[in-house]
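Structure first, commentary second.
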Amino acid sequence: MPSLNKVSLLSAASLVVVAALVGGTPGWKFTTKGHSGILALEAVVVSPTLVLMFDRATDDPLHTADGKVAWGALWNLETNEPTAVKLQTDSFCASGSILSNGTMVSVGGNVPAAEDLWLTNATDGMTALRLFGPCTDPAGVNCTVFEDINTVHLAENRWYPTTIRISDGSLMIIGGTHELTTFYNTDPANTYEFFPSKDGGVPRHSPLLARTVNVNLFPRAFALPDGKVFILANNQSIIYDIENDMETLLPDLPNGQRVSNPFDGTAQLLPLYPPSYTPTILACGGSNKSDVTPISELSSQDPALAQCSRITLTPEGIERGWELDSLPQGRMLPEMIPLPNGQILIINGGQTGYAAYSSVGFRTEAEVGNSNADHPAFTPILYTPWAPLGSRMSQEGLPATDIARMYHSTVSLTPQGNIWLAGSNPNANTTVFPPGVPGYSTEFRVETLDPPYMELPRPILSDVPQKIAFNENFTIGIDIPEGASTSSIQVALVDLGFSTHAFHASARVVFMNSNLSDDGKELTITAPPNNRVYPPGPAYIFVTVADGTLTSQGAHVMVGTGGNPPVADQGVRL
């Protein structure tokens with residue numbers, strides 16, 4: 001079988017081999033799905049059929065059963081309808097991830113605006129933790145968010161933090177700010193804390209975060225396959241050793257590239273391959289403006305950076321430093337989605353400006369309403385990590401949407417295998433600009449970006465175990481479309497992540513070795529070696545055949561014991 005990282009591109013050209021299955025060559029397409037009911041400024045897939053969305057406690061059109069405005073909702077991927085979820089605290093600009101036991105935790109938030117309280121009855125969300133337990137009903141019936149701010153809360157106020165699942169199945173909560181800020185981080189939370197708490201609940205000071213104000217909100221962070229954590233804030237990066245509370249400096253991003261909020265580029269851990277699971281980080285877009293530039297001197301028309309920087313986190317790779325590449329166009333507020341065939345989708349954002357709204361100096365001259373960003377990037381990009389430098393970026397065969405997805409937009413790979421998109425709101429509340437009046441309205445339209453394989457016969461998985469143990473073999477059934485090549489079967493274990501503010505926290509693809517039975521009906525798969533390569537918790541298994549062009553739907557599994565965090569090391573250390 002060819003190496004996993006040598007499959008063909010997922011493009012129109014690579015689909016010729018399977019076009020005969022449907023009598024023509026299918027293509028990528030955007031499809032409008034419905035109305036989200038609330039602004040989806042945070043989104044996380046919480047089951048095979050449900051996306052949980054959060055907004056600010058404000059004036060969204062969806063209402064709860066008691067008649068109050070909703071700022072939480074479940075989107076049903078089967079019916080394309082939202083259902084209100086009752087919340088207590090204001091979840092505005094929170095973050096989140098999913099624990100080893102499958103519980104989603106939304107972290108931090110905001111103090112609700114006084115003028116909105118009569119609509120919402122919301123309370124202060126700055127130290128809030130909102131828990132959504134595993135939900136087995138496909139429609140989300142009786143699925144609720146648990147909050148008890150008096151007993152389950154953060155150690156300090158956090159607005160705009162980052163949250164990731166780490167190797168013991170708990171959450172690491174990184175940075176943020178202590179109070180409302182319009183742009184720069186003026187009251188930073190330069191600390192890490194954990195849920196469930198470590199260190200007696202006392203946050204750990206971070207020299208990295210202390211160095212990187214004013215531009216260090218929503219740091220970009222990834223759990224590494226050795227159990228340490230990569231963190232990128234502003235243009236500086238480190239490897240953080242959780243067990244020894246030690247930060248190790250890495251080279252700065254070249255050319256002053258800054259990628260954390262409010263100069264929002266994005267970053268992603270590239271897919272991990274056996275047997276070495278060598279981690280590589282890709283950071284794209286953002287700005288190279290000085291992080292002490294007066295807000296009055298920033299403009300919605302300042303070009304976003306097209307630079308992409310990539311580093312391999314081995315001693316040799318760190319010594320080489322960041323390798324430079326370029327997007328087809330500069331992007332502020334993009335997001336990266338790792339796909340089951342190993343490619344990365346880069347989507348959303350604007351080509352000029354910055355994050356946030358109603359703050360940079362030159363907005364009205366550019367006629368963009370309240371937005372700090374402009375010139376939406378309507379066409380996605382496919383990044384192929386294994387292609388030669390200079391030919392990794394492509395927009396060939398990719399469609400353009402007509403919906404601007406900039407500040408407060410979200411995106412996720414779904415268990416069905418397409419890309420779910422929602423949100424965008426560079427305004428304080430629900431805002432609709434009349435025709436002819438410049439500005440970007442609050443966006444409630446939900447759409448999907450459908451890969452070509454959505455129109456093709458696809459592999460069908462069966463008899464997938466509900467739980468898989470580390471470093472063990474397991475067997476599933478598979479029905480491969482007739483005529484589809486099986487010379488490069490890829491089995492991807494995927495964390496779909498938590499989307500907000502141009503970053504997909506905890507999103508992860510780990511490839512697993514597999515062997516197809518002689519009759520082509522069963523696939524024996526080797527799980528990741530330990531809980532550091534894949535932090536224990538929920539995942540989806542996708543199988544891709546036909547040289548990277550046909551991907552199954554995702555099968556929902558629990559990786560590891562499914563126990564409450566912190567869990568002991570599992571599997572074997574590399």
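Letters for chains follow the order of the structure tokens (A, B, ...), residue numbers begin at 1 for each chain, and ligand numbers begin at 1 in the order shown.
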At most 12 Å is the cut-off: for each residue in region 383-463 of chain A with any atom that close to an atom of region 351-359 of chain A, write down the nearest atom pair and the distance in Å rounded to one decimal, counting only C-alpha atoms, chain first then increasing number, as a tab-separated table.
residue	atom	partner	partner_atom	distance
A:Ala404	CA	A:Gln351	CA	11.3
A:Arg405	CA	A:Gln351	CA	11.4
A:Met406	CA	A:Ala355	CA	8.3
A:Tyr407	CA	A:Ala355	CA	6.1
A:His408	CA	A:Ala356	CA	8.5
A:Ser409	CA	A:Ala355	CA	11.2
A:Ser424	CA	A:Ala356	CA	11.1
A:Asn425	CA	A:Tyr357	CA	8.8
A:Pro426	CA	A:Tyr357	CA	5.2
A:Asn427	CA	A:Tyr357	CA	6.1
A:Ala428	CA	A:Tyr357	CA	7.8
A:Asn429	CA	A:Tyr357	CA	11.1
A:Gly439	CA	A:Tyr357	CA	11.1
A:Tyr440	CA	A:Tyr357	CA	10.6
Would you mind exporting the chosen residues as an mmCIF file, in the first residue's frame, restricted to C-alpha atoms?
data_model
loop_
_atom_site.group_PDB
_atom_site.id
_atom_site.type_symbol
_atom_site.label_atom_id
_atom_site.label_comp_id
_atom_site.auth_asym_id
_atom_site.auth_seq_id
_atom_site.Cartn_x
_atom_site.Cartn_y
_atom_site.Cartn_z
ATOM 1 C CA ALA A 404 -19.618 36.939 4.083
ATOM 2 C CA ARG A 405 -18.171 34.914 6.980
ATOM 3 C CA MET A 406 -15.928 37.220 8.949
ATOM 4 C CA TYR A 407 -16.021 38.221 12.627
ATOM 5 C CA HIS A 408 -18.026 35.816 14.837
ATOM 6 C CA SER A 409 -18.362 33.110 12.194
ATOM 7 C CA SER A 424 -20.745 36.297 11.144
ATOM 8 C CA ASN A 425 -21.650 39.442 13.060
ATOM 9 C CA PRO A 426 -19.356 42.475 13.299
ATOM 10 C CA ASN A 427 -21.990 44.261 15.380
ATOM 11 C CA ALA A 428 -22.868 44.515 19.078
ATOM 12 C CA ASN A 429 -26.320 42.971 18.667
ATOM 13 C CA GLY A 439 -22.386 47.255 6.507
ATOM 14 C CA TYR A 440 -22.301 43.539 7.248
#
TODO: Identify, with DSSP run on backbone atoms, the residues in region 307-450 of chain A assigned to strand (DSSP E), and express the list as a PyMOL selection string.
DONE: chain A and resi 307-312+323-326+335-338+344-347+350-357+371-376+381-383+393-394+409-413+419-423+445-450
Using only C-alpha atoms, the shortest atom-to-atom distance to Pro566 (chain A) among A:Pro203, A:Gly27, A:Gly169, A:Gly349 belongs to A:Gly169
- request: Pick out the residues sitting within 6 Å of Ile541 (chain A), and hand them over as a list in words; count only C-alpha atoms, and ignore anything fewer than 5 positions along from it in its own chain.
  value: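 In the requested format, the answer is Ala492, Leu493, Gly554 and Ala555 of chain A.
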Could you check the closest approach to Val259 (chain A) for each of A:Arg331, A:His178, A:His153, A:Arg211 and tell me which residue wins, using only C-alpha atoms?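 Of A:Arg331, A:His178, A:His153, A:Arg211, the one nearest Val259 (chain A), counting only C-alpha atoms, is A:Arg331.
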| field | DSSP-assigned helix (DSSP H, G or I) among region 218-306 of chain A, expressed as a list in words | value | Pro254, Asn255, Gly256, Ile295, Ser296 and Glu297 of chain A
Nearby residues (only C-alpha atoms) at most 8 Å from His501 (chain A), same-chain spacing under 5 positions excluded, as a PDB file with C-alpha atoms, in the first residue's frame:
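See around-v4.pdb below for the written result:
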ATOM      1  CA  LEU A  41     -20.359  32.676  17.128  1.00  0.00           C
ATOM      2  CA  GLU A  42     -19.239  29.449  18.875  1.00  0.00           C
ATOM      3  CA  CYS A  93     -16.767  35.043  23.274  1.00  0.00           C
ATOM      4  CA  PHE A 218      -7.547  33.367  21.877  1.00  0.00           C
ATOM      5  CA  ASN A 261      -6.809  38.089  18.353  1.00  0.00           C
ATOM      6  CA  ASP A 264      -6.603  36.988  13.729  1.00  0.00           C
ATOM      7  CA  LEU A 333     -10.232  35.754  10.415  1.00  0.00           C
ATOM      8  CA  TYR A 407     -16.021  38.221  12.627  1.00  0.00           C
ATOM      9  CA  HIS A 408     -18.026  35.816  14.837  1.00  0.00           C
ATOM     10  CA  SER A 409     -18.362  33.110  12.194  1.00  0.00           C
ATOM     11  CA  THR A 410     -17.928  29.362  12.754  1.00  0.00           C
TER      12      THR A 410
END
Item to check | Residue nearest Tyr383 (chain A) among A:Pro254, A:Pro338, A:Gly176, A:Pro536 (counting only C-alpha atoms) | outcome: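 Looking at the shortest contact to Tyr383 (chain A), the residue is A:Pro338.
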A straight line from CA of Gly265 (chain A) to CA of Ser287 (chain A) spans 7.3 Å
Neighbour list for region 198-200 of chain A as a PDB file with N, CA and C atoms, in the first residue's frame, cut-off 10 Å, only C-alpha atoms, skip fewer than 4 positions in-chain:
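The result, stored in around-v8.pdb:
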ATOM      1  N   SER A 170      -8.455  16.046  30.678  1.00  0.00           N
ATOM      2  CA  SER A 170      -8.981  17.281  31.245  1.00  0.00           C
ATOM      3  C   SER A 170      -8.755  18.427  30.268  1.00  0.00           C
ATOM      4  N   MET A 172      -7.187  22.255  29.414  1.00  0.00           N
ATOM      5  CA  MET A 172      -6.251  23.327  29.727  1.00  0.00           C
ATOM      6  C   MET A 172      -6.833  24.621  29.191  1.00  0.00           C
ATOM      7  N   GLU A 193      -5.058  27.634  33.585  1.00  0.00           N
ATOM      8  CA  GLU A 193      -5.703  26.823  34.611  1.00  0.00           C
ATOM      9  C   GLU A 193      -6.321  25.617  33.941  1.00  0.00           C
ATOM     10  N   PHE A 194      -6.866  24.724  34.740  1.00  0.00           N
ATOM     11  CA  PHE A 194      -7.325  23.439  34.236  1.00  0.00           C
ATOM     12  C   PHE A 194      -8.718  23.132  34.777  1.00  0.00           C
ATOM     13  N   ARG A 204      -1.584  29.036  36.874  1.00  0.00           N
ATOM     14  CA  ARG A 204      -0.142  29.096  36.658  1.00  0.00           C
ATOM     15  C   ARG A 204       0.211  30.316  35.812  1.00  0.00           C
ATOM     16  N   PRO A 566      -9.075  13.660  35.745  1.00  0.00           N
ATOM     17  CA  PRO A 566      -7.941  13.216  34.933  1.00  0.00           C
ATOM     18  C   PRO A 566      -7.838  11.692  34.910  1.00  0.00           C
TER      19      PRO A 566
END
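If only C-alpha atoms are the atoms counted, then among A:Pro82, A:Gly72, A:Pro529, A:Pro457 the closest residue to Lys33 (chain A) is A:Pro82.
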Separating CA of Val105 (chain A) from CA of Arg130 (chain A), to the nearest tenth of an Å, is a gap of 5.4 Å
